[in-house]
Amino acid sequence: MRRLLVFSGSNLKSHISYLKKRMSLIEKLDWSAEIINISGKQKVAQEIAAKVKDGDVIGIGSGSTSYLALVAIAERIKTEGLNVKGITTSIEISMFCAKLGVPVTSLYEHQPDWLFDGADEVDPNNSLIKGRGGAMFKEKMLMSSSPVNYIIVDESKQVEKLCTNFPIPVEVFPQALLLAEKGLLELGATEIKIRPAKGKDGPVITENNNLILDCHFNEVPLTLEKDIKSITGVIESGLFIGYRPQIIMAAN
């Protein structure tokens, strides 16, 4: 049985004031970290925004470059009255969509027409390492659902071999931690670390309530993504092999 809440007098004013304060958390939201190479990323953000057409459903990635592109897209929506929807890869980007006035939808309702995102590393075959922000599970779902994927990187992200500068992140169900560790070592991992959190004690907890293992491999064979996924307890990895993204360079 549902209860009907009735407010009157000062209680109503207090409730309205509370709602305004809660909304103001979104209104005050700002990017939490310094944006490196901001001029180059802003130029690419305008390039991404120029691709938007009325009626598009866009997959919106995570990270600072995606945030800047989202700001540029929001400006076009506002000034041109475009009917555009976004499917986001993280709670953080969903909150920025709310702040910027970009309507959001989900994979339950729509499939993306195209997607934009960043990457931590890209090799000559356009294979990627992603997931430094911990959102690789939904990033991979969206990329797999999208017919066109634009990946924005600068020169620092280009490598001859994956796992040169960044480990491969692996999202793991917490109780499968040791089982996953055993499987990853058998696949040739040379170092495995539980990703520690910043701003709180203990490890990073993903939006799916799982742990992230950062794994170094000396060699990354073409089968490694599927091999990692086959380990019981592994939810997803930050390896993206064979997705054929279109790479867009942000000049330094």
# chains A, B, ... in the order shown; residues from 1 in each chain; ligands from 1
call {"tool": "closest_atom_pairs", "arguments": {"of": "stretch 161-244 of chain A", "to": "stretch 135-152 of chain A", "cutoff": "12 Å", "atoms": "only C-alpha atoms", "output": "CSV"}}
result
residue,atom,partner,partner_atom,distance
A:Ile168,CA,A:Met136,CA,10.6
A:Pro169,CA,A:Met136,CA,8.3
A:Val170,CA,A:Met136,CA,8.7
A:Glu171,CA,A:Phe137,CA,7.8
A:Val172,CA,A:Phe137,CA,10.7
A:Val204,CA,A:Ala135,CA,11.5
A:Ile205,CA,A:Ala135,CA,10.8
A:Thr206,CA,A:Ala135,CA,7.4
A:Glu207,CA,A:Ala135,CA,7.7
A:Asn208,CA,A:Phe137,CA,8.9
A:Asn209,CA,A:Ala135,CA,11.6
A:Asn210,CA,A:Phe137,CA,10.8
A:Leu211,CA,A:Ala135,CA,11.6
A:Ile212,CA,A:Ala135,CA,10.2
A:Glu225,CA,A:Lys140,CA,11.7
A:Lys229,CA,A:Phe137,CA,11.3
A:Val234,CA,A:Phe137,CA,10.6
A:Ile235,CA,A:Phe137,CA,7.4
A:Glu236,CA,A:Phe137,CA,5.6
A:Ser237,CA,A:Met136,CA,6.8
A:Gly238,CA,A:Met136,CA,5.5
A:Leu239,CA,A:Met136,CA,8.7
A:Phe240,CA,A:Lys140,CA,7.7
A:Ile241,CA,A:Lys140,CA,10.8
A:Gly242,CA,A:Ser144,CA,10.6
A:Tyr243,CA,A:Ser144,CA,7.7
A:Arg244,CA,A:Asn149,CA,8.0
call {"tool": "write_last_selection", "arguments": {"atoms": "N, CA and C atoms", "output": "PDB file, in the first residue's frame"}}
result
ATOM      1  N   ILE A 168      46.824  -3.628 -18.305  1.00  0.00           N
ATOM      2  CA  ILE A 168      45.489  -3.997 -18.767  1.00  0.00           C
ATOM      3  C   ILE A 168      44.576  -4.110 -17.543  1.00  0.00           C
ATOM      4  N   PRO A 169      43.527  -3.287 -17.458  1.00  0.00           N
ATOM      5  CA  PRO A 169      42.622  -3.404 -16.327  1.00  0.00           C
ATOM      6  C   PRO A 169      41.641  -4.565 -16.528  1.00  0.00           C
ATOM      7  N   VAL A 170      41.392  -5.288 -15.469  1.00  0.00           N
ATOM      8  CA  VAL A 170      40.483  -6.428 -15.518  1.00  0.00           C
ATOM      9  C   VAL A 170      39.484  -6.281 -14.372  1.00  0.00           C
ATOM     10  N   GLU A 171      38.202  -6.203 -14.718  1.00  0.00           N
ATOM     11  CA  GLU A 171      37.156  -6.097 -13.696  1.00  0.00           C
ATOM     12  C   GLU A 171      36.778  -7.496 -13.227  1.00  0.00           C
ATOM     13  N   VAL A 172      36.800  -7.681 -11.905  1.00  0.00           N
ATOM     14  CA  VAL A 172      36.650  -9.017 -11.326  1.00  0.00           C
ATOM     15  C   VAL A 172      35.601  -8.992 -10.216  1.00  0.00           C
ATOM     16  N   VAL A 204      39.559   0.411  -5.420  1.00  0.00           N
ATOM     17  CA  VAL A 204      38.515   0.960  -6.283  1.00  0.00           C
ATOM     18  C   VAL A 204      37.370  -0.042  -6.365  1.00  0.00           C
ATOM     19  N   ILE A 205      36.153   0.449  -6.247  1.00  0.00           N
ATOM     20  CA  ILE A 205      34.956  -0.358  -6.461  1.00  0.00           C
ATOM     21  C   ILE A 205      34.260   0.204  -7.691  1.00  0.00           C
ATOM     22  N   THR A 206      34.045  -0.624  -8.701  1.00  0.00           N
ATOM     23  CA  THR A 206      33.438  -0.139  -9.940  1.00  0.00           C
ATOM     24  C   THR A 206      31.954   0.146  -9.740  1.00  0.00           C
ATOM     25  N   GLU A 207      31.337   0.737 -10.771  1.00  0.00           N
ATOM     26  CA  GLU A 207      29.904   1.011 -10.710  1.00  0.00           C
ATOM     27  C   GLU A 207      29.091  -0.277 -10.676  1.00  0.00           C
ATOM     28  N   ASN A 208      29.739  -1.409 -10.982  1.00  0.00           N
ATOM     29  CA  ASN A 208      29.080  -2.714 -10.907  1.00  0.00           C
ATOM     30  C   ASN A 208      29.436  -3.460  -9.620  1.00  0.00           C
ATOM     31  N   ASN A 209      30.062  -2.732  -8.665  1.00  0.00           N
ATOM     32  CA  ASN A 209      30.437  -3.289  -7.358  1.00  0.00           C
ATOM     33  C   ASN A 209      31.504  -4.382  -7.456  1.00  0.00           C
ATOM     34  N   ASN A 210      32.409  -4.224  -8.404  1.00  0.00           N
ATOM     35  CA  ASN A 210      33.493  -5.186  -8.565  1.00  0.00           C
ATOM     36  C   ASN A 210      34.852  -4.530  -8.326  1.00  0.00           C
ATOM     37  N   LEU A 211      35.892  -5.358  -8.315  1.00  0.00           N
ATOM     38  CA  LEU A 211      37.267  -4.884  -8.153  1.00  0.00           C
ATOM     39  C   LEU A 211      37.935  -4.751  -9.512  1.00  0.00           C
ATOM     40  N   ILE A 212      39.023  -3.989  -9.562  1.00  0.00           N
ATOM     41  CA  ILE A 212      39.825  -3.886 -10.780  1.00  0.00           C
ATOM     42  C   ILE A 212      41.237  -4.372 -10.476  1.00  0.00           C
ATOM     43  N   GLU A 225      42.417 -10.982 -25.184  1.00  0.00           N
ATOM     44  CA  GLU A 225      41.145 -10.427 -24.701  1.00  0.00           C
ATOM     45  C   GLU A 225      40.144 -11.548 -24.413  1.00  0.00           C
ATOM     46  N   LYS A 229      38.679 -13.003 -20.745  1.00  0.00           N
ATOM     47  CA  LYS A 229      37.228 -13.041 -20.513  1.00  0.00           C
ATOM     48  C   LYS A 229      36.755 -14.454 -20.135  1.00  0.00           C
ATOM     49  N   VAL A 234      35.816 -13.149 -14.073  1.00  0.00           N
ATOM     50  CA  VAL A 234      36.172 -11.933 -14.800  1.00  0.00           C
ATOM     51  C   VAL A 234      34.919 -11.374 -15.466  1.00  0.00           C
ATOM     52  N   ILE A 235      34.638 -10.106 -15.205  1.00  0.00           N
ATOM     53  CA  ILE A 235      33.493  -9.443 -15.823  1.00  0.00           C
ATOM     54  C   ILE A 235      33.877  -8.913 -17.199  1.00  0.00           C
ATOM     55  N   GLU A 236      34.997  -8.201 -17.269  1.00  0.00           N
ATOM     56  CA  GLU A 236      35.464  -7.645 -18.534  1.00  0.00           C
ATOM     57  C   GLU A 236      36.889  -7.155 -18.363  1.00  0.00           C
ATOM     58  N   SER A 237      37.568  -6.966 -19.484  1.00  0.00           N
ATOM     59  CA  SER A 237      38.914  -6.392 -19.462  1.00  0.00           C
ATOM     60  C   SER A 237      38.928  -5.111 -20.276  1.00  0.00           C
ATOM     61  N   GLY A 238      40.004  -4.348 -20.125  1.00  0.00           N
ATOM     62  CA  GLY A 238      40.171  -3.119 -20.885  1.00  0.00           C
ATOM     63  C   GLY A 238      40.902  -3.316 -22.191  1.00  0.00           C
ATOM     64  N   LEU A 239      41.030  -4.551 -22.649  1.00  0.00           N
ATOM     65  CA  LEU A 239      41.597  -4.830 -23.968  1.00  0.00           C
ATOM     66  C   LEU A 239      40.503  -4.736 -25.021  1.00  0.00           C
ATOM     67  N   PHE A 240      40.785  -4.023 -26.103  1.00  0.00           N
ATOM     68  CA  PHE A 240      39.843  -3.897 -27.213  1.00  0.00           C
ATOM     69  C   PHE A 240      40.601  -4.273 -28.485  1.00  0.00           C
ATOM     70  N   ILE A 241      40.451  -5.515 -28.925  1.00  0.00           N
ATOM     71  CA  ILE A 241      41.176  -6.022 -30.082  1.00  0.00           C
ATOM     72  C   ILE A 241      40.173  -6.384 -31.176  1.00  0.00           C
ATOM     73  N   GLY A 242      40.359  -5.809 -32.352  1.00  0.00           N
ATOM     74  CA  GLY A 242      39.510  -6.152 -33.480  1.00  0.00           C
ATOM     75  C   GLY A 242      38.222  -5.368 -33.598  1.00  0.00           C
ATOM     76  N   TYR A 243      38.120  -4.226 -32.921  1.00  0.00           N
ATOM     77  CA  TYR A 243      36.889  -3.424 -32.967  1.00  0.00           C
ATOM     78  C   TYR A 243      36.902  -2.400 -34.108  1.00  0.00           C
ATOM     79  N   ARG A 244      38.026  -2.250 -34.757  1.00  0.00           N
ATOM     80  CA  ARG A 244      38.194  -1.371 -35.927  1.00  0.00           C
ATOM     81  C   ARG A 244      37.668   0.064 -35.696  1.00  0.00           C
TER      82      ARG A 244
END
call {"tool": "select_by_dssp", "arguments": {"residues": "stretch 135-249 of chain A", "states": "alpha helix (DSSP H)", "output": "list in words"}}
result
Met136, Phe137, Lys138, Glu139, Lys140, Met141, Leu142, Met143, Ser144, Ser145, Leu177, Leu178, Leu179, Ala180, Glu181, Lys182, Gly183, Leu184, Leu185, Glu186, Leu224, Glu225, Lys226, Asp227, Ile228 and Lys229 of chain A
call {"tool": "closest_residue", "arguments": {"among": "A:Asn83, A:Thr65, A:Ser94, A:Asn37", "to": "A:Val52", "atoms": "only C-alpha atoms"}}
result
A:Asn83
call {"tool": "residues_around", "arguments": {"residues": "A:Ile194", "least_positions_apart": "6", "cutoff": "7 Å", "atoms": "only C-alpha atoms", "output": "list in words"}}
result
Pro203, Ile212, Leu213 and Asp214 of chain A
call {"tool": "residues_around", "arguments": {"residues": "A:Val71", "least_positions_apart": "2", "cutoff": "12 Å", "atoms": "only C-alpha atoms", "output": "ChimeraX atom specification"}}
result
/A:30-31,41-42,44-46,48-49,60,64-69,73-78,93,96-102
call {"tool": "write_last_selection", "arguments": {"atoms": "C-alpha atoms", "output": "PDB file, in the first residue's frame"}}
result
ATOM      1  CA  ASP A  30      32.835  20.488 -12.605  1.00  0.00           C
ATOM      2  CA  TRP A  31      35.523  18.269 -14.096  1.00  0.00           C
ATOM      3  CA  LYS A  41      41.336  18.251 -27.043  1.00  0.00           C
ATOM      4  CA  GLN A  42      39.009  21.226 -27.457  1.00  0.00           C
ATOM      5  CA  VAL A  44      38.881  17.626 -31.508  1.00  0.00           C
ATOM      6  CA  ALA A  45      35.787  18.192 -29.344  1.00  0.00           C
ATOM      7  CA  GLN A  46      34.526  20.666 -31.944  1.00  0.00           C
ATOM      8  CA  ILE A  48      33.185  15.509 -32.839  1.00  0.00           C
ATOM      9  CA  ALA A  49      30.350  17.969 -32.215  1.00  0.00           C
ATOM     10  CA  ILE A  60      29.243   9.050 -24.928  1.00  0.00           C
ATOM     11  CA  SER A  64      38.301  14.452 -20.123  1.00  0.00           C
ATOM     12  CA  THR A  65      38.223  14.422 -23.940  1.00  0.00           C
ATOM     13  CA  SER A  66      34.728  12.952 -23.952  1.00  0.00           C
ATOM     14  CA  TYR A  67      33.681  15.580 -21.425  1.00  0.00           C
ATOM     15  CA  LEU A  68      34.907  18.413 -23.660  1.00  0.00           C
ATOM     16  CA  ALA A  69      33.138  16.881 -26.678  1.00  0.00           C
ATOM     17  CA  ILE A  73      27.575  18.881 -28.371  1.00  0.00           C
ATOM     18  CA  ALA A  74      25.419  20.420 -25.640  1.00  0.00           C
ATOM     19  CA  GLU A  75      26.057  23.857 -27.112  1.00  0.00           C
ATOM     20  CA  ARG A  76      24.837  22.695 -30.530  1.00  0.00           C
ATOM     21  CA  ILE A  77      21.732  21.119 -28.970  1.00  0.00           C
ATOM     22  CA  LYS A  78      20.993  24.391 -27.190  1.00  0.00           C
ATOM     23  CA  ILE A  93      29.128  11.473 -17.633  1.00  0.00           C
ATOM     24  CA  PHE A  96      27.287  16.020 -16.782  1.00  0.00           C
ATOM     25  CA  CYS A  97      24.532  15.264 -19.319  1.00  0.00           C
ATOM     26  CA  ALA A  98      22.019  16.366 -16.678  1.00  0.00           C
ATOM     27  CA  LYS A  99      23.980  19.553 -16.024  1.00  0.00           C
ATOM     28  CA  LEU A 100      24.417  20.384 -19.717  1.00  0.00           C
ATOM     29  CA  GLY A 101      20.872  19.516 -20.785  1.00  0.00           C
ATOM     30  CA  VAL A 102      21.720  16.499 -22.959  1.00  0.00           C
TER      31      VAL A 102
END
call {"tool": "atom_distance", "arguments": {"atom1": "atom CA of A:Leu82", "atom2": "atom CA of A:Ile26"}}
result
22.5 Å
call {"tool": "atom_distance", "arguments": {"atom1": "atom CA of A:Gly134", "atom2": "atom CA of A:Tyr108"}}
result
22.2 Å
call {"tool": "closest_residue", "arguments": {"among": "A:Gly183, A:Arg132, A:Leu115, A:Pro245", "to": "A:Ala197", "atoms": "only C-alpha atoms"}}
result
A:Arg132
call {"tool": "select_by_dssp", "arguments": {"residues": "stretch 137-184 of chain A", "states": "strand (DSSP E or B)", "output": "ChimeraX atom specification"}}
result
/A:149-153,158,168-172
call {"tool": "write_last_selection", "arguments": {"atoms": "N, CA and C atoms", "output": "short mmCIF file (atom, residue, chain, number, x, y, z; two decimals), in the first residue's frame"}}
result
data_model
loop_
_atom_site.label_atom_id
_atom_site.label_comp_id
_atom_site.auth_asym_id
_atom_site.auth_seq_id
_atom_site.Cartn_x
_atom_site.Cartn_y
_atom_site.Cartn_z
N ASN A 149 32.71 3.91 -34.38
CA ASN A 149 33.34 4.28 -33.11
C ASN A 149 34.53 5.21 -33.37
N TYR A 150 34.46 6.41 -32.79
CA TYR A 150 35.56 7.36 -32.89
C TYR A 150 36.33 7.35 -31.57
N ILE A 151 37.62 7.07 -31.65
CA ILE A 151 38.48 7.05 -30.47
C ILE A 151 39.45 8.21 -30.57
N ILE A 152 39.44 9.06 -29.56
CA ILE A 152 40.24 10.28 -29.55
C ILE A 152 41.47 10.07 -28.67
N VAL A 153 42.64 10.27 -29.25
CA VAL A 153 43.89 10.13 -28.49
C VAL A 153 44.85 11.22 -28.93
N GLN A 158 49.92 6.75 -28.38
CA GLN A 158 50.32 5.84 -29.45
C GLN A 158 51.54 5.02 -29.02
N ILE A 168 46.82 -3.63 -18.31
CA ILE A 168 45.49 -4.00 -18.77
C ILE A 168 44.58 -4.11 -17.54
N PRO A 169 43.53 -3.29 -17.46
CA PRO A 169 42.62 -3.40 -16.33
C PRO A 169 41.64 -4.57 -16.53
N VAL A 170 41.39 -5.29 -15.47
CA VAL A 170 40.48 -6.43 -15.52
C VAL A 170 39.48 -6.28 -14.37
N GLU A 171 38.20 -6.20 -14.72
CA GLU A 171 37.16 -6.10 -13.70
C GLU A 171 36.78 -7.50 -13.23
N VAL A 172 36.80 -7.68 -11.91
CA VAL A 172 36.65 -9.02 -11.33
C VAL A 172 35.60 -8.99 -10.22
#
call {"tool": "decode", "arguments": {"residues": "stretch 52-163 of chain A", "atoms": "C-alpha atoms", "output": "PDB file, in the first residue's frame"}}
result
ATOM      1  CA  VAL A  52      26.120  15.369 -34.744  1.00  0.00           C
ATOM      2  CA  LYS A  53      22.926  15.223 -36.810  1.00  0.00           C
ATOM      3  CA  ASP A  54      19.355  15.806 -35.703  1.00  0.00           C
ATOM      4  CA  GLY A  55      17.879  12.548 -34.398  1.00  0.00           C
ATOM      5  CA  ASP A  56      21.225  10.934 -33.539  1.00  0.00           C
ATOM      6  CA  VAL A  57      21.631   8.567 -30.611  1.00  0.00           C
ATOM      7  CA  ILE A  58      25.249   8.926 -29.508  1.00  0.00           C
ATOM      8  CA  GLY A  59      27.374   6.732 -27.287  1.00  0.00           C
ATOM      9  CA  ILE A  60      29.243   9.050 -24.928  1.00  0.00           C
ATOM     10  CA  GLY A  61      32.525   7.784 -23.519  1.00  0.00           C
ATOM     11  CA  SER A  62      34.362   8.599 -20.321  1.00  0.00           C
ATOM     12  CA  GLY A  63      37.357  10.831 -19.636  1.00  0.00           C
ATOM     13  CA  SER A  64      38.301  14.452 -20.123  1.00  0.00           C
ATOM     14  CA  THR A  65      38.223  14.422 -23.940  1.00  0.00           C
ATOM     15  CA  SER A  66      34.728  12.952 -23.952  1.00  0.00           C
ATOM     16  CA  TYR A  67      33.681  15.580 -21.425  1.00  0.00           C
ATOM     17  CA  LEU A  68      34.907  18.413 -23.660  1.00  0.00           C
ATOM     18  CA  ALA A  69      33.138  16.881 -26.678  1.00  0.00           C
ATOM     19  CA  LEU A  70      29.957  16.606 -24.611  1.00  0.00           C
ATOM     20  CA  VAL A  71      30.172  20.321 -23.752  1.00  0.00           C
ATOM     21  CA  ALA A  72      30.491  21.160 -27.470  1.00  0.00           C
ATOM     22  CA  ILE A  73      27.575  18.881 -28.371  1.00  0.00           C
ATOM     23  CA  ALA A  74      25.419  20.420 -25.640  1.00  0.00           C
ATOM     24  CA  GLU A  75      26.057  23.857 -27.112  1.00  0.00           C
ATOM     25  CA  ARG A  76      24.837  22.695 -30.530  1.00  0.00           C
ATOM     26  CA  ILE A  77      21.732  21.119 -28.970  1.00  0.00           C
ATOM     27  CA  LYS A  78      20.993  24.391 -27.190  1.00  0.00           C
ATOM     28  CA  THR A  79      21.624  26.783 -30.099  1.00  0.00           C
ATOM     29  CA  GLU A  80      20.229  24.644 -32.947  1.00  0.00           C
ATOM     30  CA  GLY A  81      17.414  22.850 -31.127  1.00  0.00           C
ATOM     31  CA  LEU A  82      18.720  19.434 -32.140  1.00  0.00           C
ATOM     32  CA  ASN A  83      16.881  16.298 -31.043  1.00  0.00           C
ATOM     33  CA  VAL A  84      19.797  14.207 -29.796  1.00  0.00           C
ATOM     34  CA  LYS A  85      20.029  11.513 -27.144  1.00  0.00           C
ATOM     35  CA  GLY A  86      23.091  10.114 -25.416  1.00  0.00           C
ATOM     36  CA  ILE A  87      23.911   6.716 -23.957  1.00  0.00           C
ATOM     37  CA  THR A  88      26.603   7.154 -21.341  1.00  0.00           C
ATOM     38  CA  THR A  89      29.397   4.891 -20.156  1.00  0.00           C
ATOM     39  CA  SER A  90      29.554   6.130 -16.563  1.00  0.00           C
ATOM     40  CA  ILE A  91      27.588   7.801 -13.789  1.00  0.00           C
ATOM     41  CA  GLU A  92      29.944  10.780 -13.976  1.00  0.00           C
ATOM     42  CA  ILE A  93      29.128  11.473 -17.633  1.00  0.00           C
ATOM     43  CA  SER A  94      25.411  10.917 -16.924  1.00  0.00           C
ATOM     44  CA  MET A  95      25.577  13.687 -14.322  1.00  0.00           C
ATOM     45  CA  PHE A  96      27.287  16.020 -16.782  1.00  0.00           C
ATOM     46  CA  CYS A  97      24.532  15.264 -19.319  1.00  0.00           C
ATOM     47  CA  ALA A  98      22.019  16.366 -16.678  1.00  0.00           C
ATOM     48  CA  LYS A  99      23.980  19.553 -16.024  1.00  0.00           C
ATOM     49  CA  LEU A 100      24.417  20.384 -19.717  1.00  0.00           C
ATOM     50  CA  GLY A 101      20.872  19.516 -20.785  1.00  0.00           C
ATOM     51  CA  VAL A 102      21.720  16.499 -22.959  1.00  0.00           C
ATOM     52  CA  PRO A 103      18.867  13.925 -22.838  1.00  0.00           C
ATOM     53  CA  VAL A 104      19.978  10.396 -22.000  1.00  0.00           C
ATOM     54  CA  THR A 105      18.583   7.014 -22.938  1.00  0.00           C
ATOM     55  CA  SER A 106      19.751   3.418 -22.517  1.00  0.00           C
ATOM     56  CA  LEU A 107      20.518   0.261 -24.453  1.00  0.00           C
ATOM     57  CA  TYR A 108      17.082  -0.996 -23.388  1.00  0.00           C
ATOM     58  CA  GLU A 109      15.495   1.651 -25.595  1.00  0.00           C
ATOM     59  CA  HIS A 110      17.985   2.556 -28.323  1.00  0.00           C
ATOM     60  CA  GLN A 111      21.146   1.465 -30.088  1.00  0.00           C
ATOM     61  CA  PRO A 112      23.804   4.143 -30.692  1.00  0.00           C
ATOM     62  CA  ASP A 113      24.268   5.494 -34.210  1.00  0.00           C
ATOM     63  CA  TRP A 114      27.885   6.223 -33.339  1.00  0.00           C
ATOM     64  CA  LEU A 115      30.147   6.567 -30.340  1.00  0.00           C
ATOM     65  CA  PHE A 116      33.067   8.690 -29.228  1.00  0.00           C
ATOM     66  CA  ASP A 117      35.503   7.868 -26.445  1.00  0.00           C
ATOM     67  CA  GLY A 118      39.145   8.050 -25.464  1.00  0.00           C
ATOM     68  CA  ALA A 119      41.806   5.401 -24.893  1.00  0.00           C
ATOM     69  CA  ASP A 120      44.874   4.888 -22.747  1.00  0.00           C
ATOM     70  CA  GLU A 121      46.917   3.195 -25.477  1.00  0.00           C
ATOM     71  CA  VAL A 122      46.477   2.500 -29.198  1.00  0.00           C
ATOM     72  CA  ASP A 123      48.805   0.313 -31.273  1.00  0.00           C
ATOM     73  CA  PRO A 124      49.452   0.342 -35.055  1.00  0.00           C
ATOM     74  CA  ASN A 125      46.530  -2.103 -35.570  1.00  0.00           C
ATOM     75  CA  ASN A 126      44.169   0.247 -33.674  1.00  0.00           C
ATOM     76  CA  SER A 127      43.877  -2.213 -30.810  1.00  0.00           C
ATOM     77  CA  LEU A 128      43.287  -0.393 -27.545  1.00  0.00           C
ATOM     78  CA  ILE A 129      43.769  -0.410 -23.820  1.00  0.00           C
ATOM     79  CA  LYS A 130      40.971   1.417 -22.047  1.00  0.00           C
ATOM     80  CA  GLY A 131      39.634   1.494 -18.521  1.00  0.00           C
ATOM     81  CA  ARG A 132      41.889   3.807 -16.549  1.00  0.00           C
ATOM     82  CA  GLY A 133      38.619   5.382 -15.376  1.00  0.00           C
ATOM     83  CA  GLY A 134      37.204   1.963 -14.480  1.00  0.00           C
ATOM     84  CA  ALA A 135      34.273   2.051 -16.921  1.00  0.00           C
ATOM     85  CA  MET A 136      35.535  -0.489 -19.497  1.00  0.00           C
ATOM     86  CA  PHE A 137      32.590  -2.876 -19.087  1.00  0.00           C
ATOM     87  CA  LYS A 138      29.981  -0.402 -20.293  1.00  0.00           C
ATOM     88  CA  GLU A 139      32.452   1.157 -22.725  1.00  0.00           C
ATOM     89  CA  LYS A 140      32.822  -2.242 -24.383  1.00  0.00           C
ATOM     90  CA  MET A 141      29.062  -2.841 -24.397  1.00  0.00           C
ATOM     91  CA  LEU A 142      28.508   0.468 -26.159  1.00  0.00           C
ATOM     92  CA  MET A 143      31.366   0.006 -28.611  1.00  0.00           C
ATOM     93  CA  SER A 144      30.065  -3.457 -29.482  1.00  0.00           C
ATOM     94  CA  SER A 145      26.590  -1.981 -30.025  1.00  0.00           C
ATOM     95  CA  SER A 146      27.723   0.919 -32.200  1.00  0.00           C
ATOM     96  CA  PRO A 147      28.363   0.658 -35.963  1.00  0.00           C
ATOM     97  CA  VAL A 148      30.846   3.575 -35.892  1.00  0.00           C
ATOM     98  CA  ASN A 149      33.339   4.283 -33.108  1.00  0.00           C
ATOM     99  CA  TYR A 150      35.560   7.365 -32.891  1.00  0.00           C
ATOM    100  CA  ILE A 151      38.475   7.047 -30.469  1.00  0.00           C
ATOM    101  CA  ILE A 152      40.242  10.285 -29.553  1.00  0.00           C
ATOM    102  CA  VAL A 153      43.890  10.131 -28.495  1.00  0.00           C
ATOM    103  CA  ASP A 154      46.990  12.300 -28.585  1.00  0.00           C
ATOM    104  CA  GLU A 155      50.525  11.281 -29.522  1.00  0.00           C
ATOM    105  CA  SER A 156      51.317  10.145 -25.981  1.00  0.00           C
ATOM    106  CA  LYS A 157      48.759   7.333 -26.308  1.00  0.00           C
ATOM    107  CA  GLN A 158      50.323   5.839 -29.454  1.00  0.00           C
ATOM    108  CA  VAL A 159      52.504   2.801 -28.757  1.00  0.00           C
ATOM    109  CA  GLU A 160      54.177   0.119 -30.837  1.00  0.00           C
ATOM    110  CA  LYS A 161      52.994  -2.570 -28.422  1.00  0.00           C
ATOM    111  CA  LEU A 162      50.101  -2.592 -25.959  1.00  0.00           C
ATOM    112  CA  CYS A 163      50.963  -2.631 -22.245  1.00  0.00           C
TER     113      CYS A 163
END
